[in-house]
Amino acid sequence: MPSGKPSLMEPNLSYRVENELSAGNIQHELWPLDEIDPKKAKFPCCVVWTPLPIVSWLAPFIGHVGICREDGTTLDFSGSNLVNIDDFAFGSVARYLQLDRKQCCFPPNLAGHTCKHRYKHVEYGSAITWDDAIQSTARHFEHKSYNLFTCNCHSFVANCLNRLCYEGSMSWNMINVAALLLFKGTWVDGLSVLRSFLPFMVVLCLGVFVVGWPFIIGLFSFSLLLIGWFLLGTYCFKNLLDC
């Protein structure tokens, strides 16, 4: 029988509808991105990679990375107090990975966090849009000294992903940024693969021809030392790579 008393379900229903509308509005603000266009060097919401001179010739898994705004413009940290805008250092993009903005946390206020790191995220520096996070990171690194082994382009991208709380994580660092591109990145074209690995193959062949098999052992040891340094600095002695 109908009753004159207000239903206990009505406030819950109203609350649920309000949340759904709010979520819909947030999703609506994520307007469609332009297509990725390597010829115009436009990679909307992508992490991008290119080989480094000399370093990538000896260790092809190491390269230079940057992150792109929603309009596809690339930003990268390539020197002390220097953040390039639309001028990717060390050559054109060879590999890229487009990230999903729906996996980011864009809180309009403290109560609007979609991640589990609400207070930590605010303290670190949350952002309300993708471009806002990149701009905040750029301002932060404009006052940083560049060092290949302690504070580099990977640190720049990791800082930005932490501001976005991408995939609900605030533990982005040099290692997992590099792994993200290594295992999920897409090559721009065959020429990009060639210019990334051909110098390494030439150095390897010349080294074996001139020095012999000990050259391979030395090259392998060099790679292990690099990987060991970044692993220890990232996970064991975090202050070493605090950037």
# chains A, B, ... in the order shown; residues from 1 in each chain; ligands from 1

$ residues_around --residues "segment 172-187 of chain A" --least-positions-apart "3" --cutoff "10 Å" --atoms "only C-alpha atoms" --output "PDB file with N, CA, C and O atoms, in the first residue's frame"
ATOM      1  N   CYS A  46      50.757  10.909 -25.854  1.00  0.00           N
ATOM      2  CA  CYS A  46      51.673   9.777 -26.005  1.00  0.00           C
ATOM      3  C   CYS A  46      52.952   9.992 -25.200  1.00  0.00           C
ATOM      4  O   CYS A  46      53.368  11.121 -24.966  1.00  0.00           O
ATOM      5  N   VAL A  47      53.558   8.891 -24.800  1.00  0.00           N
ATOM      6  CA  VAL A  47      54.942   8.890 -24.347  1.00  0.00           C
ATOM      7  C   VAL A  47      55.767   8.484 -25.557  1.00  0.00           C
ATOM      8  O   VAL A  47      55.433   7.501 -26.236  1.00  0.00           O
ATOM      9  N   VAL A  48      56.815   9.238 -25.871  1.00  0.00           N
ATOM     10  CA  VAL A  48      57.575   9.011 -27.105  1.00  0.00           C
ATOM     11  C   VAL A  48      59.041   8.720 -26.776  1.00  0.00           C
ATOM     12  O   VAL A  48      59.553   9.109 -25.721  1.00  0.00           O
ATOM     13  N   TRP A  49      59.723   8.055 -27.716  1.00  0.00           N
ATOM     14  CA  TRP A  49      61.098   7.592 -27.506  1.00  0.00           C
ATOM     15  C   TRP A  49      61.898   7.750 -28.797  1.00  0.00           C
ATOM     16  O   TRP A  49      61.364   7.577 -29.898  1.00  0.00           O
ATOM     17  N   PHE A  61      68.538  -0.456 -25.721  1.00  0.00           N
ATOM     18  CA  PHE A  61      67.313  -0.355 -24.936  1.00  0.00           C
ATOM     19  C   PHE A  61      67.220   0.985 -24.210  1.00  0.00           C
ATOM     20  O   PHE A  61      66.191   1.308 -23.620  1.00  0.00           O
ATOM     21  N   ILE A  62      68.296   1.764 -24.231  1.00  0.00           N
ATOM     22  CA  ILE A  62      68.298   3.080 -23.601  1.00  0.00           C
ATOM     23  C   ILE A  62      68.086   4.140 -24.671  1.00  0.00           C
ATOM     24  O   ILE A  62      68.678   4.084 -25.757  1.00  0.00           O
ATOM     25  N   GLY A  63      67.234   5.122 -24.376  1.00  0.00           N
ATOM     26  CA  GLY A  63      66.978   6.199 -25.323  1.00  0.00           C
ATOM     27  C   GLY A  63      66.454   7.428 -24.614  1.00  0.00           C
ATOM     28  O   GLY A  63      66.447   7.504 -23.382  1.00  0.00           O
ATOM     29  N   HIS A  64      66.018   8.377 -25.403  1.00  0.00           N
ATOM     30  CA  HIS A  64      65.494   9.641 -24.885  1.00  0.00           C
ATOM     31  C   HIS A  64      63.971   9.616 -24.976  1.00  0.00           C
ATOM     32  O   HIS A  64      63.409   9.217 -26.003  1.00  0.00           O
ATOM     33  N   VAL A  65      63.293  10.032 -23.900  1.00  0.00           N
ATOM     34  CA  VAL A  65      61.829   9.993 -23.879  1.00  0.00           C
ATOM     35  C   VAL A  65      61.239  11.375 -23.618  1.00  0.00           C
ATOM     36  O   VAL A  65      61.904  12.264 -23.086  1.00  0.00           O
ATOM     37  N   VAL A  93      60.753  11.100 -33.446  1.00  0.00           N
ATOM     38  CA  VAL A  93      60.219  10.002 -32.631  1.00  0.00           C
ATOM     39  C   VAL A  93      60.351   8.679 -33.377  1.00  0.00           C
ATOM     40  O   VAL A  93      60.000   8.571 -34.557  1.00  0.00           O
ATOM     41  N   ALA A  94      60.882   7.671 -32.685  1.00  0.00           N
ATOM     42  CA  ALA A  94      61.011   6.344 -33.273  1.00  0.00           C
ATOM     43  C   ALA A  94      59.957   5.380 -32.736  1.00  0.00           C
ATOM     44  O   ALA A  94      59.526   4.468 -33.432  1.00  0.00           O
ATOM     45  N   ARG A  95      59.547   5.618 -31.503  1.00  0.00           N
ATOM     46  CA  ARG A  95      58.586   4.720 -30.857  1.00  0.00           C
ATOM     47  C   ARG A  95      57.647   5.537 -29.988  1.00  0.00           C
ATOM     48  O   ARG A  95      58.053   6.545 -29.415  1.00  0.00           O
ATOM     49  N   TYR A  96      56.411   5.096 -29.882  1.00  0.00           N
ATOM     50  CA  TYR A  96      55.436   5.853 -29.086  1.00  0.00           C
ATOM     51  C   TYR A  96      54.428   4.913 -28.439  1.00  0.00           C
ATOM     52  O   TYR A  96      54.244   3.763 -28.859  1.00  0.00           O
ATOM     53  N   LEU A  97      53.783   5.436 -27.414  1.00  0.00           N
ATOM     54  CA  LEU A  97      52.701   4.711 -26.752  1.00  0.00           C
ATOM     55  C   LEU A  97      51.657   5.727 -26.332  1.00  0.00           C
ATOM     56  O   LEU A  97      51.936   6.627 -25.540  1.00  0.00           O
ATOM     57  N   GLN A  98      50.455   5.598 -26.881  1.00  0.00           N
ATOM     58  CA  GLN A  98      49.382   6.512 -26.509  1.00  0.00           C
ATOM     59  C   GLN A  98      48.725   6.030 -25.219  1.00  0.00           C
ATOM     60  O   GLN A  98      48.337   4.871 -25.095  1.00  0.00           O
ATOM     61  N   THR A 150      71.030  10.291 -12.818  1.00  0.00           N
ATOM     62  CA  THR A 150      70.225  10.567 -11.621  1.00  0.00           C
ATOM     63  C   THR A 150      68.947  11.356 -11.898  1.00  0.00           C
ATOM     64  O   THR A 150      67.937  11.138 -11.229  1.00  0.00           O
ATOM     65  N   CYS A 151      68.981  12.271 -12.834  1.00  0.00           N
ATOM     66  CA  CYS A 151      67.810  13.111 -13.107  1.00  0.00           C
ATOM     67  C   CYS A 151      67.754  13.368 -14.606  1.00  0.00           C
ATOM     68  O   CYS A 151      68.453  14.245 -15.122  1.00  0.00           O
ATOM     69  N   ASN A 152      66.944  12.604 -15.302  1.00  0.00           N
ATOM     70  CA  ASN A 152      66.963  12.659 -16.763  1.00  0.00           C
ATOM     71  C   ASN A 152      65.550  12.724 -17.344  1.00  0.00           C
ATOM     72  O   ASN A 152      64.582  12.991 -16.631  1.00  0.00           O
ATOM     73  N   CYS A 153      65.457  12.476 -18.623  1.00  0.00           N
ATOM     74  CA  CYS A 153      64.175  12.584 -19.324  1.00  0.00           C
ATOM     75  C   CYS A 153      63.143  11.589 -18.801  1.00  0.00           C
ATOM     76  O   CYS A 153      61.942  11.870 -18.780  1.00  0.00           O
ATOM     77  N   HIS A 154      63.601  10.417 -18.354  1.00  0.00           N
ATOM     78  CA  HIS A 154      62.677   9.438 -17.784  1.00  0.00           C
ATOM     79  C   HIS A 154      62.075   9.954 -16.477  1.00  0.00           C
ATOM     80  O   HIS A 154      60.908   9.686 -16.171  1.00  0.00           O
ATOM     81  N   SER A 155      62.887  10.687 -15.711  1.00  0.00           N
ATOM     82  CA  SER A 155      62.395  11.292 -14.471  1.00  0.00           C
ATOM     83  C   SER A 155      61.277  12.280 -14.779  1.00  0.00           C
ATOM     84  O   SER A 155      60.288  12.375 -14.040  1.00  0.00           O
ATOM     85  N   PHE A 156      61.442  13.016 -15.861  1.00  0.00           N
ATOM     86  CA  PHE A 156      60.459  14.016 -16.288  1.00  0.00           C
ATOM     87  C   PHE A 156      59.110  13.354 -16.581  1.00  0.00           C
ATOM     88  O   PHE A 156      58.063  13.790 -16.094  1.00  0.00           O
ATOM     89  N   VAL A 157      59.139  12.286 -17.368  1.00  0.00           N
ATOM     90  CA  VAL A 157      57.903  11.587 -17.731  1.00  0.00           C
ATOM     91  C   VAL A 157      57.279  10.924 -16.497  1.00  0.00           C
ATOM     92  O   VAL A 157      56.060  10.974 -16.302  1.00  0.00           O
ATOM     93  N   ALA A 158      58.111  10.325 -15.644  1.00  0.00           N
ATOM     94  CA  ALA A 158      57.607   9.683 -14.433  1.00  0.00           C
ATOM     95  C   ALA A 158      56.918  10.698 -13.526  1.00  0.00           C
ATOM     96  O   ALA A 158      55.861  10.414 -12.945  1.00  0.00           O
ATOM     97  N   ASN A 159      57.499  11.884 -13.398  1.00  0.00           N
ATOM     98  CA  ASN A 159      56.903  12.942 -12.587  1.00  0.00           C
ATOM     99  C   ASN A 159      55.514  13.300 -13.095  1.00  0.00           C
ATOM    100  O   ASN A 159      54.567  13.470 -12.320  1.00  0.00           O
ATOM    101  N   CYS A 160      55.390  13.385 -14.401  1.00  0.00           N
ATOM    102  CA  CYS A 160      54.104  13.732 -15.008  1.00  0.00           C
ATOM    103  C   CYS A 160      53.070  12.625 -14.772  1.00  0.00           C
ATOM    104  O   CYS A 160      51.924  12.908 -14.424  1.00  0.00           O
ATOM    105  N   LEU A 161      53.469  11.372 -14.935  1.00  0.00           N
ATOM    106  CA  LEU A 161      52.540  10.258 -14.729  1.00  0.00           C
ATOM    107  C   LEU A 161      52.097  10.174 -13.273  1.00  0.00           C
ATOM    108  O   LEU A 161      50.951   9.798 -12.977  1.00  0.00           O
ATOM    109  N   ASN A 162      52.984  10.550 -12.353  1.00  0.00           N
ATOM    110  CA  ASN A 162      52.596  10.567 -10.941  1.00  0.00           C
ATOM    111  C   ASN A 162      51.598  11.681 -10.656  1.00  0.00           C
ATOM    112  O   ASN A 162      50.699  11.522  -9.828  1.00  0.00           O
ATOM    113  N   ARG A 163      51.747  12.816 -11.313  1.00  0.00           N
ATOM    114  CA  ARG A 163      50.771  13.903 -11.149  1.00  0.00           C
ATOM    115  C   ARG A 163      49.413  13.495 -11.711  1.00  0.00           C
ATOM    116  O   ARG A 163      48.370  13.935 -11.223  1.00  0.00           O
ATOM    117  N   CYS A 165      48.492  10.383 -11.668  1.00  0.00           N
ATOM    118  CA  CYS A 165      48.162   9.128 -10.973  1.00  0.00           C
ATOM    119  C   CYS A 165      47.697   8.110 -12.011  1.00  0.00           C
ATOM    120  O   CYS A 165      46.632   7.480 -11.862  1.00  0.00           O
ATOM    121  N   TYR A 166      48.490   7.963 -13.060  1.00  0.00           N
ATOM    122  CA  TYR A 166      48.105   7.107 -14.183  1.00  0.00           C
ATOM    123  C   TYR A 166      47.990   5.652 -13.749  1.00  0.00           C
ATOM    124  O   TYR A 166      48.851   5.119 -13.060  1.00  0.00           O
ATOM    125  N   SER A 169      48.409   4.646 -10.012  1.00  0.00           N
ATOM    126  CA  SER A 169      49.710   4.480  -9.372  1.00  0.00           C
ATOM    127  C   SER A 169      50.435   5.813  -9.231  1.00  0.00           C
ATOM    128  O   SER A 169      50.393   6.648 -10.134  1.00  0.00           O
ATOM    129  N   GLY A 190      59.453   1.152 -40.280  1.00  0.00           N
ATOM    130  CA  GLY A 190      60.633   0.296 -40.386  1.00  0.00           C
ATOM    131  C   GLY A 190      61.936   1.071 -40.300  1.00  0.00           C
ATOM    132  O   GLY A 190      62.931   0.568 -39.759  1.00  0.00           O
ATOM    133  N   LEU A 191      61.952   2.292 -40.831  1.00  0.00           N
ATOM    134  CA  LEU A 191      63.157   3.109 -40.781  1.00  0.00           C
ATOM    135  C   LEU A 191      63.535   3.441 -39.335  1.00  0.00           C
ATOM    136  O   LEU A 191      64.721   3.515 -38.998  1.00  0.00           O
ATOM    137  N   SER A 192      62.540   3.617 -38.492  1.00  0.00           N
ATOM    138  CA  SER A 192      62.791   3.902 -37.076  1.00  0.00           C
ATOM    139  C   SER A 192      63.472   2.720 -36.389  1.00  0.00           C
ATOM    140  O   SER A 192      64.362   2.897 -35.558  1.00  0.00           O
ATOM    141  N   VAL A 193      63.038   1.513 -36.751  1.00  0.00           N
ATOM    142  CA  VAL A 193      63.676   0.317 -36.201  1.00  0.00           C
ATOM    143  C   VAL A 193      65.123   0.243 -36.669  1.00  0.00           C
ATOM    144  O   VAL A 193      66.040  -0.050 -35.875  1.00  0.00           O
ATOM    145  N   ILE A 227      71.900  -1.208 -15.967  1.00  0.00           N
ATOM    146  CA  ILE A 227      70.632  -1.701 -15.419  1.00  0.00           C
ATOM    147  C   ILE A 227      70.710  -1.809 -13.900  1.00  0.00           C
ATOM    148  O   ILE A 227      69.789  -1.412 -13.172  1.00  0.00           O
ATOM    149  N   PHE A 230      70.455   1.697 -12.159  1.00  0.00           N
ATOM    150  CA  PHE A 230      69.099   2.256 -12.124  1.00  0.00           C
ATOM    151  C   PHE A 230      68.176   1.445 -11.214  1.00  0.00           C
ATOM    152  O   PHE A 230      67.312   2.017 -10.533  1.00  0.00           O
ATOM    153  N   LEU A 231      68.361   0.132 -11.175  1.00  0.00           N
ATOM    154  CA  LEU A 231      67.544  -0.688 -10.284  1.00  0.00           C
ATOM    155  C   LEU A 231      67.851  -0.385  -8.817  1.00  0.00           C
ATOM    156  O   LEU A 231      66.939  -0.194  -8.002  1.00  0.00           O
ATOM    157  N   GLY A 233      69.375   2.340  -7.614  1.00  0.00           N
ATOM    158  CA  GLY A 233      69.041   3.729  -7.314  1.00  0.00           C
ATOM    159  C   GLY A 233      67.551   3.959  -7.169  1.00  0.00           C
ATOM    160  O   GLY A 233      67.107   4.803  -6.391  1.00  0.00           O
ATOM    161  N   THR A 234      66.761   3.189  -7.922  1.00  0.00           N
ATOM    162  CA  THR A 234      65.310   3.373  -7.903  1.00  0.00           C
ATOM    163  C   THR A 234      64.646   2.681  -6.722  1.00  0.00           C
ATOM    164  O   THR A 234      63.770   3.246  -6.063  1.00  0.00           O
ATOM    165  N   TYR A 235      65.077   1.452  -6.432  1.00  0.00           N
ATOM    166  CA  TYR A 235      64.357   0.654  -5.449  1.00  0.00           C
ATOM    167  C   TYR A 235      65.092   0.451  -4.118  1.00  0.00           C
ATOM    168  O   TYR A 235      64.458   0.101  -3.128  1.00  0.00           O
ATOM    169  N   LEU A 241      68.274   8.887  -6.818  1.00  0.00           N
ATOM    170  CA  LEU A 241      67.584   9.287  -8.045  1.00  0.00           C
ATOM    171  C   LEU A 241      66.387  10.172  -7.751  1.00  0.00           C
ATOM    172  O   LEU A 241      65.457  10.252  -8.549  1.00  0.00           O
ATOM    173  N   ASP A 242      66.402  10.822  -6.609  1.00  0.00           N
ATOM    174  CA  ASP A 242      65.310  11.726  -6.250  1.00  0.00           C
ATOM    175  C   ASP A 242      65.445  13.009  -7.049  1.00  0.00           C
ATOM    176  O   ASP A 242      66.403  13.759  -6.885  1.00  0.00           O
TER     177      ASP A 242
END

$ select_by_dssp --residues "segment 8-199 of chain A" --states "helix (DSSP H, G or I)" --output "short mmCIF file (atom, residue, chain, number, x, y, z; two decimals) with N, CA and C atoms, in the first residue's frame"
data_model
loop_
_atom_site.label_atom_id
_atom_site.label_comp_id
_atom_site.auth_asym_id
_atom_site.auth_seq_id
_atom_site.Cartn_x
_atom_site.Cartn_y
_atom_site.Cartn_z
N MET A 9 14.72 4.89 -0.10
CA MET A 9 15.48 4.67 -1.33
C MET A 9 15.71 5.95 -2.10
N GLU A 10 14.86 6.96 -1.87
CA GLU A 10 14.94 8.19 -2.67
C GLU A 10 16.27 8.92 -2.51
N PRO A 11 16.80 9.13 -1.26
CA PRO A 11 18.10 9.80 -1.15
C PRO A 11 19.22 9.03 -1.84
N ASN A 12 19.21 7.68 -1.70
CA ASN A 12 20.24 6.86 -2.34
C ASN A 12 20.15 6.96 -3.86
N LEU A 13 18.90 6.95 -4.36
CA LEU A 13 18.70 7.06 -5.80
C LEU A 13 19.19 8.40 -6.30
N SER A 14 18.85 9.45 -5.56
CA SER A 14 19.28 10.80 -5.95
C SER A 14 20.79 10.91 -5.95
N TYR A 15 21.42 10.34 -4.91
CA TYR A 15 22.88 10.38 -4.80
C TYR A 15 23.53 9.64 -5.96
N ARG A 16 22.94 8.46 -6.32
CA ARG A 16 23.50 7.67 -7.40
C ARG A 16 23.36 8.38 -8.73
N VAL A 17 22.21 8.98 -8.98
CA VAL A 17 22.00 9.72 -10.23
C VAL A 17 22.95 10.90 -10.33
N GLU A 18 23.17 11.59 -9.19
CA GLU A 18 24.07 12.75 -9.18
C GLU A 18 25.49 12.32 -9.52
N ASN A 19 25.91 11.18 -8.95
CA ASN A 19 27.26 10.68 -9.22
C ASN A 19 27.42 10.28 -10.68
N GLU A 20 26.38 9.65 -11.23
CA GLU A 20 26.44 9.23 -12.63
C GLU A 20 26.52 10.43 -13.55
N LEU A 21 25.75 11.47 -13.23
CA LEU A 21 25.80 12.68 -14.04
C LEU A 21 27.16 13.35 -13.94
N SER A 22 27.70 13.36 -12.72
CA SER A 22 29.01 13.96 -12.51
C SER A 22 30.07 13.21 -13.29
N ALA A 23 30.03 11.88 -13.22
CA ALA A 23 30.99 11.06 -13.97
C ALA A 23 30.83 11.27 -15.45
N GLY A 24 29.59 11.41 -15.91
CA GLY A 24 29.35 11.65 -17.33
C GLY A 24 29.92 12.97 -17.79
N ASN A 25 29.82 14.00 -16.93
CA ASN A 25 30.37 15.30 -17.29
C ASN A 25 31.88 15.26 -17.38
N ILE A 26 32.52 14.53 -16.44
CA ILE A 26 33.97 14.42 -16.47
C ILE A 26 34.41 13.70 -17.74
N GLN A 27 33.71 12.64 -18.09
CA GLN A 27 34.04 11.89 -19.30
C GLN A 27 33.81 12.75 -20.54
N HIS A 28 32.77 13.58 -20.52
CA HIS A 28 32.47 14.42 -21.68
C HIS A 28 33.58 15.44 -21.93
N GLU A 29 34.26 15.88 -20.84
CA GLU A 29 35.33 16.86 -20.99
C GLU A 29 36.54 16.29 -21.70
N PRO A 38 52.87 10.97 -37.44
CA PRO A 38 54.33 11.03 -37.33
C PRO A 38 54.97 12.04 -38.30
N LYS A 39 54.37 12.24 -39.47
CA LYS A 39 54.95 13.17 -40.45
C LYS A 39 54.95 14.60 -39.92
N LYS A 40 53.94 14.95 -39.13
CA LYS A 40 53.86 16.28 -38.54
C LYS A 40 54.37 16.29 -37.10
N VAL A 55 75.20 6.42 -26.67
CA VAL A 55 74.66 5.57 -25.60
C VAL A 55 73.82 4.43 -26.18
N SER A 56 72.92 4.75 -27.11
CA SER A 56 72.07 3.72 -27.71
C SER A 56 72.86 2.82 -28.65
N TRP A 57 74.02 3.29 -29.12
CA TRP A 57 74.87 2.44 -29.95
C TRP A 57 75.45 1.29 -29.14
N LEU A 58 75.62 1.51 -27.84
CA LEU A 58 76.17 0.50 -26.95
C LEU A 58 75.08 -0.27 -26.21
N ARG A 101 43.50 8.60 -21.17
CA ARG A 101 43.20 9.63 -20.17
C ARG A 101 42.18 9.16 -19.14
N LYS A 102 41.39 8.14 -19.48
CA LYS A 102 40.42 7.60 -18.53
C LYS A 102 41.11 6.87 -17.38
N GLN A 103 42.41 6.56 -17.56
CA GLN A 103 43.17 5.91 -16.50
C GLN A 103 43.84 6.92 -15.58
N LEU A 110 39.30 17.95 -3.39
CA LEU A 110 39.78 16.83 -2.60
C LEU A 110 38.81 15.65 -2.62
N ALA A 111 37.52 15.95 -2.65
CA ALA A 111 36.52 14.88 -2.64
C ALA A 111 36.33 14.26 -4.02
N GLY A 112 36.92 14.87 -5.05
CA GLY A 112 36.69 14.40 -6.41
C GLY A 112 37.73 13.42 -6.93
N ARG A 118 44.42 9.85 -2.39
CA ARG A 118 43.85 11.20 -2.34
C ARG A 118 44.80 12.23 -1.75
N TYR A 119 45.23 12.03 -0.50
CA TYR A 119 46.04 13.05 0.17
C TYR A 119 47.47 13.08 -0.38
N LYS A 120 48.01 11.93 -0.68
CA LYS A 120 49.35 11.86 -1.26
C LYS A 120 49.37 12.53 -2.64
N HIS A 121 48.30 12.33 -3.39
CA HIS A 121 48.19 12.91 -4.73
C HIS A 121 48.15 14.43 -4.64
N VAL A 122 47.38 14.95 -3.70
CA VAL A 122 47.28 16.41 -3.52
C VAL A 122 48.63 16.98 -3.11
N GLU A 123 49.31 16.30 -2.19
CA GLU A 123 50.60 16.77 -1.71
C GLU A 123 51.65 16.76 -2.83
N TYR A 124 51.60 15.72 -3.67
CA TYR A 124 52.55 15.61 -4.77
C TYR A 124 52.30 16.69 -5.82
N TRP A 130 45.01 16.77 -18.45
CA TRP A 130 46.26 16.17 -18.93
C TRP A 130 47.32 17.25 -19.16
N ASP A 131 46.97 18.31 -19.87
CA ASP A 131 47.93 19.38 -20.17
C ASP A 131 48.37 20.12 -18.91
N ASP A 132 47.49 20.20 -17.93
CA ASP A 132 47.83 20.86 -16.67
C ASP A 132 48.95 20.09 -15.97
N ALA A 133 48.89 18.76 -15.99
CA ALA A 133 49.93 17.93 -15.37
C ALA A 133 51.28 18.14 -16.07
N ILE A 134 51.25 18.18 -17.40
CA ILE A 134 52.50 18.36 -18.16
C ILE A 134 53.09 19.73 -17.88
N GLN A 135 52.23 20.75 -17.83
CA GLN A 135 52.71 22.11 -17.58
C GLN A 135 53.33 22.22 -16.18
N SER A 136 52.72 21.60 -15.19
CA SER A 136 53.26 21.62 -13.83
C SER A 136 54.60 20.92 -13.76
N THR A 137 54.73 19.79 -14.45
CA THR A 137 55.99 19.07 -14.49
C THR A 137 57.07 19.89 -15.19
N ALA A 138 56.70 20.57 -16.27
CA ALA A 138 57.66 21.40 -17.00
C ALA A 138 58.18 22.52 -16.11
N ARG A 139 57.30 23.16 -15.36
CA ARG A 139 57.73 24.23 -14.45
C ARG A 139 58.67 23.68 -13.38
N HIS A 140 58.40 22.46 -12.91
CA HIS A 140 59.23 21.84 -11.88
C HIS A 140 60.64 21.56 -12.41
N PHE A 141 60.73 21.06 -13.64
CA PHE A 141 62.03 20.67 -14.19
C PHE A 141 62.80 21.82 -14.82
N CYS A 153 65.46 12.48 -18.62
CA CYS A 153 64.18 12.58 -19.32
C CYS A 153 63.14 11.59 -18.80
N HIS A 154 63.60 10.42 -18.35
CA HIS A 154 62.68 9.44 -17.78
C HIS A 154 62.08 9.95 -16.48
N SER A 155 62.89 10.69 -15.71
CA SER A 155 62.39 11.29 -14.47
C SER A 155 61.28 12.28 -14.78
N PHE A 156 61.44 13.02 -15.86
CA PHE A 156 60.46 14.02 -16.29
C PHE A 156 59.11 13.35 -16.58
N VAL A 157 59.14 12.29 -17.37
CA VAL A 157 57.90 11.59 -17.73
C VAL A 157 57.28 10.92 -16.50
N ALA A 158 58.11 10.33 -15.64
CA ALA A 158 57.61 9.68 -14.43
C ALA A 158 56.92 10.70 -13.53
N ASN A 159 57.50 11.88 -13.40
CA ASN A 159 56.90 12.94 -12.59
C ASN A 159 55.51 13.30 -13.10
N CYS A 160 55.39 13.39 -14.40
CA CYS A 160 54.10 13.73 -15.01
C CYS A 160 53.07 12.62 -14.77
N LEU A 161 53.47 11.37 -14.93
CA LEU A 161 52.54 10.26 -14.73
C LEU A 161 52.10 10.17 -13.27
N ASN A 162 52.98 10.55 -12.35
CA ASN A 162 52.60 10.57 -10.94
C ASN A 162 51.60 11.68 -10.66
N ARG A 163 51.75 12.82 -11.31
CA ARG A 163 50.77 13.90 -11.15
C ARG A 163 49.41 13.50 -11.71
N LEU A 164 49.43 12.65 -12.74
CA LEU A 164 48.19 12.14 -13.32
C LEU A 164 47.64 10.95 -12.54
N TYR A 166 48.49 7.96 -13.06
CA TYR A 166 48.11 7.11 -14.18
C TYR A 166 47.99 5.65 -13.75
N GLU A 167 46.90 5.02 -14.14
CA GLU A 167 46.56 3.64 -13.78
C GLU A 167 46.47 3.47 -12.26
N GLY A 168 46.15 4.56 -11.57
CA GLY A 168 45.98 4.51 -10.13
C GLY A 168 47.28 4.38 -9.35
N MET A 174 62.00 5.83 -13.35
CA MET A 174 62.76 5.60 -14.59
C MET A 174 62.56 4.19 -15.12
N ILE A 175 62.55 3.21 -14.22
CA ILE A 175 62.50 1.81 -14.63
C ILE A 175 61.17 1.46 -15.28
N ASN A 176 60.06 1.75 -14.61
CA ASN A 176 58.78 1.33 -15.19
C ASN A 176 58.35 2.21 -16.36
N VAL A 177 58.85 3.44 -16.46
CA VAL A 177 58.59 4.24 -17.66
C VAL A 177 59.30 3.61 -18.85
N ALA A 178 60.58 3.21 -18.65
CA ALA A 178 61.33 2.56 -19.72
C ALA A 178 60.69 1.23 -20.11
N ALA A 179 60.25 0.46 -19.11
CA ALA A 179 59.61 -0.84 -19.39
C ALA A 179 58.29 -0.66 -20.13
N LEU A 180 57.55 0.39 -19.78
CA LEU A 180 56.27 0.65 -20.44
C LEU A 180 56.45 0.81 -21.94
N LEU A 181 57.46 1.60 -22.32
CA LEU A 181 57.73 1.82 -23.75
C LEU A 181 58.34 0.58 -24.40
N LEU A 182 59.22 -0.09 -23.67
CA LEU A 182 59.92 -1.25 -24.23
C LEU A 182 58.95 -2.37 -24.59
N PHE A 183 57.96 -2.61 -23.72
CA PHE A 183 57.07 -3.76 -23.93
C PHE A 183 55.75 -3.40 -24.61
N LYS A 184 55.36 -2.12 -24.56
CA LYS A 184 54.06 -1.76 -25.12
C LYS A 184 54.15 -0.73 -26.26
N GLY A 190 59.45 1.15 -40.28
CA GLY A 190 60.63 0.30 -40.39
C GLY A 190 61.94 1.07 -40.30
N LEU A 191 61.95 2.29 -40.83
CA LEU A 191 63.16 3.11 -40.78
C LEU A 191 63.54 3.44 -39.34
N SER A 192 62.54 3.62 -38.49
CA SER A 192 62.79 3.90 -37.08
C SER A 192 63.47 2.72 -36.39
N VAL A 193 63.04 1.51 -36.75
CA VAL A 193 63.68 0.32 -36.20
C VAL A 193 65.12 0.24 -36.67
N LEU A 194 65.34 0.56 -37.94
CA LEU A 194 66.68 0.49 -38.52
C LEU A 194 67.63 1.47 -37.86
N ARG A 195 67.21 2.72 -37.69
CA ARG A 195 68.10 3.71 -37.10
C ARG A 195 68.29 3.51 -35.60
N SER A 196 67.43 2.70 -35.00
CA SER A 196 67.57 2.41 -33.58
C SER A 196 68.55 1.26 -33.32
N PHE A 197 68.61 0.30 -34.24
CA PHE A 197 69.43 -0.88 -34.01
C PHE A 197 70.65 -1.01 -34.93
N LEU A 198 70.63 -0.35 -36.09
CA LEU A 198 71.75 -0.48 -37.02
C LEU A 198 73.07 -0.01 -36.41
N PRO A 199 73.14 1.17 -35.76
CA PRO A 199 74.42 1.58 -35.15
C PRO A 199 74.94 0.56 -34.14
#

$ closest_residue --among "A:Leu30, A:Ala59, A:Val188, A:Leu52" --to "Phe220 of chain A" --atoms "only C-alpha atoms"
A:Ala59

$ select_by_dssp --residues "segment 44-73 of chain A" --states "strand (DSSP E or B)" --output "list in words"
Cys46, Val47, Val48, Trp49, Thr50, Pro51, Gly63, His64, Val65, Gly66, Ile67 and Cys68 of chain A

$ write_last_selection --atoms "C-alpha atoms" --output "compact mmCIF listing (two decimals), in the first residue's frame"
# COMPACT_ATOMS: atom_id res chain seq x y z
CA CYS A 46 51.67 9.78 -26.00
CA VAL A 47 54.94 8.89 -24.35
CA VAL A 48 57.57 9.01 -27.10
CA TRP A 49 61.10 7.59 -27.51
CA THR A 50 64.11 8.08 -29.77
CA PRO A 51 67.63 6.57 -29.66
CA GLY A 63 66.98 6.20 -25.32
CA HIS A 64 65.49 9.64 -24.88
CA VAL A 65 61.83 9.99 -23.88
CA GLY A 66 59.24 12.75 -23.77
CA ILE A 67 55.53 13.18 -23.25
CA CYS A 68 53.00 14.90 -25.50

$ residues_around --residues "Thr74 of chain A" --least-positions-apart "6" --cutoff "8 Å" --atoms "only C-alpha atoms" --output "list in words"
Lys42, Phe43, Gly66, Ile67, Cys68, Asn84, Ile85, Asp86, Asp87 and Phe88 of chain A

$ atom_distance --atom1 "atom CA of Cys243 of chain A" --atom2 "atom CA of Phe222 of chain A"
24.1 Å

$ closest_residue --among "A:Leu240, A:Gly91, A:Thr129, A:Ile216" --to "Trp31 of chain A" --atoms "only C-alpha atoms"
A:Thr129
